[in-house]
>>> print(open('start-v6.txt').read())   # compact mmCIF, C-alpha atoms
# COMPACT_ATOMS: atom_id res chain seq x y z
CA MET A 1 -56.86 -78.21 -128.47
CA SER A 2 -59.13 -80.44 -130.51
CA ARG A 3 -62.76 -79.55 -131.07
CA LYS A 4 -63.82 -82.57 -128.96
CA ASN A 5 -61.68 -81.43 -126.00
CA LEU A 6 -62.97 -77.88 -126.37
CA VAL A 7 -66.58 -79.09 -126.23
CA LYS A 8 -65.79 -81.23 -123.15
CA SER A 9 -64.15 -78.24 -121.45
CA ILE A 10 -67.15 -76.02 -122.17
CA VAL A 11 -69.58 -78.64 -120.83
CA VAL A 12 -67.54 -79.01 -117.64
CA LEU A 13 -67.40 -75.23 -117.22
CA VAL A 14 -71.18 -74.91 -117.66
CA VAL A 15 -71.82 -77.67 -115.11
CA VAL A 16 -69.46 -76.07 -112.58
CA LEU A 17 -71.02 -72.62 -113.04
CA ALA A 18 -74.52 -74.08 -112.71
CA ALA A 19 -73.52 -75.84 -109.49
CA LEU A 20 -72.08 -72.60 -108.10
CA GLY A 21 -75.25 -70.74 -109.01
CA THR A 22 -77.39 -73.36 -107.32
CA ALA A 23 -75.22 -73.35 -104.20
CA LEU A 24 -75.60 -69.61 -103.84
CA ALA A 25 -79.24 -69.37 -104.94
CA GLN A 26 -81.59 -67.79 -102.45
CA MET A 27 -84.61 -69.66 -101.17
CA PRO A 28 -87.75 -68.87 -103.17
CA ASN A 29 -89.83 -68.46 -100.01
CA PRO A 30 -91.28 -65.01 -99.33
CA TYR A 31 -90.64 -63.28 -96.04
CA GLY A 32 -93.31 -63.54 -93.39
CA ALA A 33 -93.94 -61.92 -90.03
CA ALA A 34 -91.11 -62.28 -87.53
CA ILE A 35 -90.92 -65.43 -85.43
CA SER A 36 -92.42 -64.98 -81.97
CA VAL A 37 -90.24 -65.01 -78.87
CA GLU A 38 -92.01 -68.21 -77.79
CA ASN A 39 -91.21 -69.99 -81.06
CA ALA A 40 -87.67 -68.57 -81.05
CA LYS A 41 -87.08 -70.13 -77.63
CA LYS A 42 -88.49 -73.43 -78.97
CA ALA A 43 -86.01 -73.29 -81.88
CA ALA A 44 -83.06 -72.45 -79.63
CA ALA A 45 -83.73 -75.27 -77.14
CA PRO A 46 -82.88 -78.23 -79.44
CA ALA A 47 -79.81 -76.39 -80.76
CA LEU A 48 -78.54 -75.95 -77.21
CA ALA A 49 -79.47 -79.55 -76.35
CA GLU A 50 -77.51 -80.85 -79.36
CA ALA A 51 -74.48 -78.86 -78.24
CA ALA A 52 -74.77 -80.05 -74.63
CA LYS A 53 -75.18 -83.68 -75.74
CA ASN A 54 -71.90 -83.42 -77.65
CA LYS A 55 -70.11 -81.39 -74.95
CA TRP A 56 -69.78 -78.33 -77.17
CA THR A 57 -70.24 -74.81 -75.81
CA VAL A 58 -72.10 -72.50 -78.17
CA ALA A 59 -74.05 -69.30 -78.49
CA VAL A 60 -77.43 -69.42 -80.24
CA ALA A 61 -79.15 -66.43 -81.84
CA ILE A 62 -82.60 -66.22 -83.41
CA VAL A 63 -83.37 -63.19 -85.58
CA GLY A 64 -86.45 -62.06 -87.46
CA PRO A 65 -86.55 -61.79 -91.26
CA GLY A 66 -84.99 -58.32 -91.16
CA GLY A 67 -82.11 -59.49 -88.98
CA THR A 68 -83.41 -58.03 -85.71
CA LEU A 69 -82.44 -60.12 -82.69
CA ILE A 70 -85.43 -61.96 -81.21
CA TYR A 71 -83.75 -64.40 -78.81
CA TYR A 72 -80.21 -65.13 -77.70
CA GLU A 73 -78.59 -67.61 -75.34
CA LYS A 74 -74.94 -68.41 -74.66
CA MET A 75 -73.85 -71.53 -72.80
CA ASP A 76 -71.41 -71.14 -69.91
CA ASN A 77 -67.75 -71.13 -70.98
CA THR A 78 -68.52 -70.39 -74.64
CA GLN A 79 -65.70 -68.39 -76.20
CA LEU A 80 -66.62 -64.72 -76.09
CA GLY A 81 -66.09 -64.14 -79.81
CA SER A 82 -68.90 -66.55 -80.60
CA ALA A 83 -71.47 -64.21 -79.07
CA GLU A 84 -71.46 -61.82 -82.02
CA VAL A 85 -70.69 -64.49 -84.62
CA ALA A 86 -73.90 -66.40 -83.79
CA ILE A 87 -75.94 -63.22 -84.33
CA ASP A 88 -74.09 -62.42 -87.55
CA LYS A 89 -74.65 -65.95 -88.92
CA ALA A 90 -78.37 -65.68 -88.19
CA ARG A 91 -78.57 -62.24 -89.81
CA THR A 92 -76.76 -63.45 -92.92
CA ALA A 93 -79.12 -66.43 -93.30
CA ALA A 94 -82.21 -64.24 -92.86
CA LEU A 95 -81.19 -61.29 -95.00
CA PHE A 96 -79.83 -63.36 -97.87
CA LYS A 97 -82.49 -66.12 -97.69
CA ARG A 98 -80.01 -69.01 -97.63
CA PRO A 99 -77.89 -71.02 -95.22
CA THR A 100 -74.50 -69.49 -94.53
CA LYS A 101 -72.94 -72.72 -95.80
CA ALA A 102 -73.84 -71.58 -99.34
CA PHE A 103 -71.46 -68.64 -98.94
CA GLN A 104 -68.81 -70.83 -97.32
CA ASP A 105 -68.92 -73.28 -100.23
CA VAL A 106 -68.71 -70.58 -102.91
CA LEU A 107 -65.83 -68.89 -101.11
CA ALA A 108 -63.99 -72.20 -100.76
CA GLY A 109 -64.18 -72.59 -104.54
CA GLY A 110 -61.96 -69.53 -104.96
CA GLY A 111 -61.89 -67.64 -108.25
CA ASP A 112 -65.07 -65.62 -108.77
CA GLY A 113 -66.33 -67.01 -105.45
CA LEU A 114 -63.96 -64.66 -103.66
CA ARG A 115 -66.38 -61.85 -104.51
CA VAL A 116 -68.44 -63.03 -101.54
CA LEU A 117 -65.89 -61.22 -99.38
CA THR A 118 -67.18 -57.89 -100.73
CA LEU A 119 -70.81 -58.47 -99.70
CA LYS A 120 -71.66 -56.30 -96.72
CA GLY A 121 -72.98 -58.28 -93.77
CA VAL A 122 -72.14 -61.75 -95.06
CA VAL A 123 -70.62 -64.32 -92.73
CA ALA A 124 -69.37 -67.09 -95.02
CA VAL A 125 -69.16 -69.72 -92.28
CA GLU A 126 -71.56 -72.63 -91.80
CA GLY A 127 -73.96 -72.37 -88.86
CA GLY A 128 -76.73 -70.00 -90.00
CA ILE A 129 -80.03 -71.37 -91.34
CA PRO A 130 -83.26 -69.57 -92.35
CA LEU A 131 -86.35 -70.49 -90.35
CA VAL A 132 -89.47 -71.26 -92.39
CA MET A 133 -93.03 -71.41 -91.05
CA ASP A 134 -96.01 -71.97 -93.33
CA GLY A 135 -93.76 -71.54 -96.36
CA LYS A 136 -92.47 -68.11 -95.28
CA ILE A 137 -89.09 -67.09 -93.92
CA VAL A 138 -89.79 -65.85 -90.39
CA GLY A 139 -86.17 -65.41 -89.37
CA ALA A 140 -83.03 -67.47 -88.96
CA ILE A 141 -80.97 -69.30 -86.39
CA GLY A 142 -77.24 -68.81 -85.96
CA VAL A 143 -74.93 -70.96 -83.84
CA SER A 144 -71.26 -70.36 -83.03
CA GLY A 145 -68.72 -71.82 -80.65
CA ALA A 146 -67.76 -75.23 -82.04
CA THR A 147 -66.48 -76.07 -85.54
CA SER A 148 -68.59 -74.71 -88.37
CA ALA A 149 -69.97 -78.20 -89.16
CA GLN A 150 -70.85 -78.71 -85.48
CA ASP A 151 -72.47 -75.28 -85.35
CA ALA A 152 -74.54 -76.24 -88.40
CA GLN A 153 -75.55 -79.53 -86.76
CA CYS A 154 -76.88 -77.59 -83.78
CA ALA A 155 -78.57 -74.96 -85.97
CA LYS A 156 -80.28 -77.69 -88.00
CA ALA A 157 -81.62 -79.28 -84.82
CA GLY A 158 -83.22 -75.95 -83.97
CA ALA A 159 -84.42 -75.13 -87.48
CA ASP A 160 -86.05 -78.55 -87.85
CA THR A 161 -88.43 -77.75 -84.97
CA VAL A 162 -89.88 -74.69 -86.71
CA LYS A 163 -92.86 -75.55 -88.85
>>> encode(input="start-v6.txt", output="structure tokens")
Amino acid sequence: MSRKNLVKSIVVLVVVLAALGTALAQMPNPYGAAISVENAKKAAAPALAEAAKNKWTVAVAIVGPGGTLIYYEKMDNTQLGSAEVAIDKARTAALFKRPTKAFQDVLAGGGDGLRVLTLKGVVAVEGGIPLVMDGKIVGAIGVSGATSAQDAQCAKAGADTVK
């Protein structure tokens, strides 16, 4: 391998590793007090509305920063397995201070990304998003029942209402 090709390979490797690190980086926000039940219901409503608008059946969970369940709602005819998955997605997003999509993306990259599978309590499937109020993580929303991208679309609708 020529010196020029070696340098190119090293640059590409550094860029890829930096991108992986950024994808998995936690949010810098500190934790705050847990979201209130009232605000949790307000976050769940648009997530459920987004699902209903698209004729998806989902479960929505809102947890506090420590992963404790604050609010939960499951639409009629949602697959039963989604009940726990929604809670687990929310817990992952809250406890690890990042959307669950970050874990999904790293895992999809294979190689060293497969180490994500050894992290206790991580659900590496899109659909969990931290909730931030006044710059602090007050919990997270988790949605399950549709495809992971559709779950994330619903979770984002809910997360965007929290300010």
>>> closest_atom_pairs(input="start-v6.txt", of="region 90-129 of chain A", to="region 52-61 of chain A", cutoff="12 Å", atoms="all atoms listed in the file", output="JSON lines")
{"residue": "A:Ala90", "atom": "CA", "partner": "A:Ala61", "partner_atom": "CA", "distance": 6.4}
{"residue": "A:Arg91", "atom": "CA", "partner": "A:Ala61", "partner_atom": "CA", "distance": 9.0}
{"residue": "A:Thr92", "atom": "CA", "partner": "A:Ala61", "partner_atom": "CA", "distance": 11.7}
{"residue": "A:Ala93", "atom": "CA", "partner": "A:Ala61", "partner_atom": "CA", "distance": 11.5}
{"residue": "A:Ala94", "atom": "CA", "partner": "A:Ala61", "partner_atom": "CA", "distance": 11.6}
{"residue": "A:Gly127", "atom": "CA", "partner": "A:Val60", "partner_atom": "CA", "distance": 9.7}
{"residue": "A:Gly128", "atom": "CA", "partner": "A:Ala61", "partner_atom": "CA", "distance": 9.2}
{"residue": "A:Ile129", "atom": "CA", "partner": "A:Ala61", "partner_atom": "CA", "distance": 10.7}
>>> write_last_selection(input="start-v6.txt", atoms="C-alpha atoms", output="mmCIF file, in the frame of the given file")
data_model
loop_
_atom_site.group_PDB
_atom_site.id
_atom_site.type_symbol
_atom_site.label_atom_id
_atom_site.label_comp_id
_atom_site.auth_asym_id
_atom_site.auth_seq_id
_atom_site.Cartn_x
_atom_site.Cartn_y
_atom_site.Cartn_z
ATOM 1 C CA ALA A 90 -78.370 -65.680 -88.190
ATOM 2 C CA ARG A 91 -78.570 -62.240 -89.810
ATOM 3 C CA THR A 92 -76.760 -63.450 -92.920
ATOM 4 C CA ALA A 93 -79.120 -66.430 -93.300
ATOM 5 C CA ALA A 94 -82.210 -64.240 -92.860
ATOM 6 C CA GLY A 127 -73.960 -72.370 -88.860
ATOM 7 C CA GLY A 128 -76.730 -70.000 -90.000
ATOM 8 C CA ILE A 129 -80.030 -71.370 -91.340
#
>>> closest_residue(input="start-v6.txt", among="A:Phe96, A:Tyr31, A:Phe103, A:Tyr71", to="Val132 (chain A)", atoms="all atoms listed in the file")
A:Tyr31
>>> atom_distance(input="start-v6.txt", atom1="CA of Gly67 (chain A)", atom2="CA of Ala34 (chain A)")
9.5 Å
>>> closest_residue(input="start-v6.txt", among="A:Val37, A:Ala86, A:Ala47, A:Met27", to="Val123 (chain A)", atoms="all atoms listed in the file")
A:Ala86
>>> closest_residue(input="start-v6.txt", among="A:Ala140, A:Ala44, A:Leu119, A:Ala152", to="Ile87 (chain A)", atoms="all atoms listed in the file")
A:Ala140
>>> build_atoms(input="start-v6.txt", residues="region 139-161 of chain A", atoms="N, CA, C and O atoms", output="tab-separated table (two decimals), in the coordinates of the input")
chain	number	residue	atom	x	y	z
A	139	GLY	N	-87.40	-65.77	-90.06
A	139	GLY	CA	-86.17	-65.41	-89.37
A	139	GLY	C	-85.09	-66.41	-89.69
A	139	GLY	O	-85.13	-67.09	-90.72
A	140	ALA	N	-84.13	-66.52	-88.78
A	140	ALA	CA	-83.03	-67.47	-88.96
A	140	ALA	C	-82.40	-67.76	-87.61
A	140	ALA	O	-82.53	-66.99	-86.66
A	141	ILE	N	-81.72	-68.90	-87.57
A	141	ILE	CA	-80.97	-69.30	-86.39
A	141	ILE	C	-79.49	-69.28	-86.73
A	141	ILE	O	-79.10	-69.67	-87.84
A	142	GLY	N	-78.69	-68.81	-85.80
A	142	GLY	CA	-77.24	-68.81	-85.96
A	142	GLY	C	-76.60	-69.42	-84.73
A	142	GLY	O	-77.02	-69.14	-83.60
A	143	VAL	N	-75.63	-70.30	-84.94
A	143	VAL	CA	-74.93	-70.96	-83.84
A	143	VAL	C	-73.44	-70.78	-84.05
A	143	VAL	O	-72.94	-70.91	-85.17
A	144	SER	N	-72.72	-70.50	-82.96
A	144	SER	CA	-71.26	-70.36	-83.03
A	144	SER	C	-70.64	-70.83	-81.72
A	144	SER	O	-71.23	-70.66	-80.66
A	145	GLY	N	-69.46	-71.42	-81.84
A	145	GLY	CA	-68.72	-71.82	-80.65
A	145	GLY	C	-67.96	-73.12	-80.84
A	145	GLY	O	-66.95	-73.37	-80.19
A	146	ALA	N	-68.43	-73.97	-81.73
A	146	ALA	CA	-67.76	-75.23	-82.04
A	146	ALA	C	-67.16	-75.09	-83.44
A	146	ALA	O	-66.93	-73.98	-83.90
A	147	THR	N	-66.91	-76.19	-84.15
A	147	THR	CA	-66.48	-76.07	-85.54
A	147	THR	C	-67.69	-75.64	-86.36
A	147	THR	O	-68.84	-75.76	-85.91
A	148	SER	N	-67.46	-75.17	-87.57
A	148	SER	CA	-68.59	-74.71	-88.37
A	148	SER	C	-69.57	-75.85	-88.66
A	148	SER	O	-70.78	-75.65	-88.64
A	149	ALA	N	-69.07	-77.06	-88.91
A	149	ALA	CA	-69.97	-78.20	-89.16
A	149	ALA	C	-70.77	-78.54	-87.90
A	149	ALA	O	-71.96	-78.88	-87.98
A	150	GLN	N	-70.15	-78.45	-86.74
A	150	GLN	CA	-70.85	-78.71	-85.48
A	150	GLN	C	-71.88	-77.62	-85.20
A	150	GLN	O	-72.99	-77.90	-84.75
A	151	ASP	N	-71.51	-76.38	-85.49
A	151	ASP	CA	-72.47	-75.28	-85.35
A	151	ASP	C	-73.69	-75.53	-86.23
A	151	ASP	O	-74.83	-75.34	-85.80
A	152	ALA	N	-73.45	-75.96	-87.46
A	152	ALA	CA	-74.54	-76.24	-88.40
A	152	ALA	C	-75.41	-77.39	-87.90
A	152	ALA	O	-76.63	-77.36	-88.06
A	153	GLN	N	-74.79	-78.40	-87.31
A	153	GLN	CA	-75.55	-79.53	-86.76
A	153	GLN	C	-76.51	-79.04	-85.68
A	153	GLN	O	-77.67	-79.45	-85.64
A	154	CYS	N	-76.04	-78.15	-84.83
A	154	CYS	CA	-76.88	-77.59	-83.78
A	154	CYS	C	-77.97	-76.70	-84.38
A	154	CYS	O	-79.15	-76.77	-83.97
A	155	ALA	N	-77.59	-75.86	-85.34
A	155	ALA	CA	-78.57	-74.96	-85.97
A	155	ALA	C	-79.67	-75.75	-86.67
A	155	ALA	O	-80.85	-75.40	-86.60
A	156	LYS	N	-79.29	-76.84	-87.32
A	156	LYS	CA	-80.28	-77.69	-88.00
A	156	LYS	C	-81.25	-78.30	-87.00
A	156	LYS	O	-82.45	-78.38	-87.25
A	157	ALA	N	-80.73	-78.72	-85.85
A	157	ALA	CA	-81.62	-79.28	-84.82
A	157	ALA	C	-82.66	-78.25	-84.41
A	157	ALA	O	-83.84	-78.58	-84.22
A	158	GLY	N	-82.26	-77.00	-84.31
A	158	GLY	CA	-83.22	-75.95	-83.97
A	158	GLY	C	-84.16	-75.61	-85.11
A	158	GLY	O	-85.36	-75.50	-84.93
A	159	ALA	N	-83.60	-75.50	-86.32
A	159	ALA	CA	-84.42	-75.13	-87.48
A	159	ALA	C	-85.46	-76.19	-87.79
A	159	ALA	O	-86.56	-75.89	-88.23
A	160	ASP	N	-85.11	-77.46	-87.55
A	160	ASP	CA	-86.05	-78.55	-87.85
A	160	ASP	C	-87.29	-78.53	-86.96
A	160	ASP	O	-88.29	-79.17	-87.29
A	161	THR	N	-87.25	-77.80	-85.86
A	161	THR	CA	-88.43	-77.75	-84.97
A	161	THR	C	-89.43	-76.68	-85.40
A	161	THR	O	-90.56	-76.69	-84.95
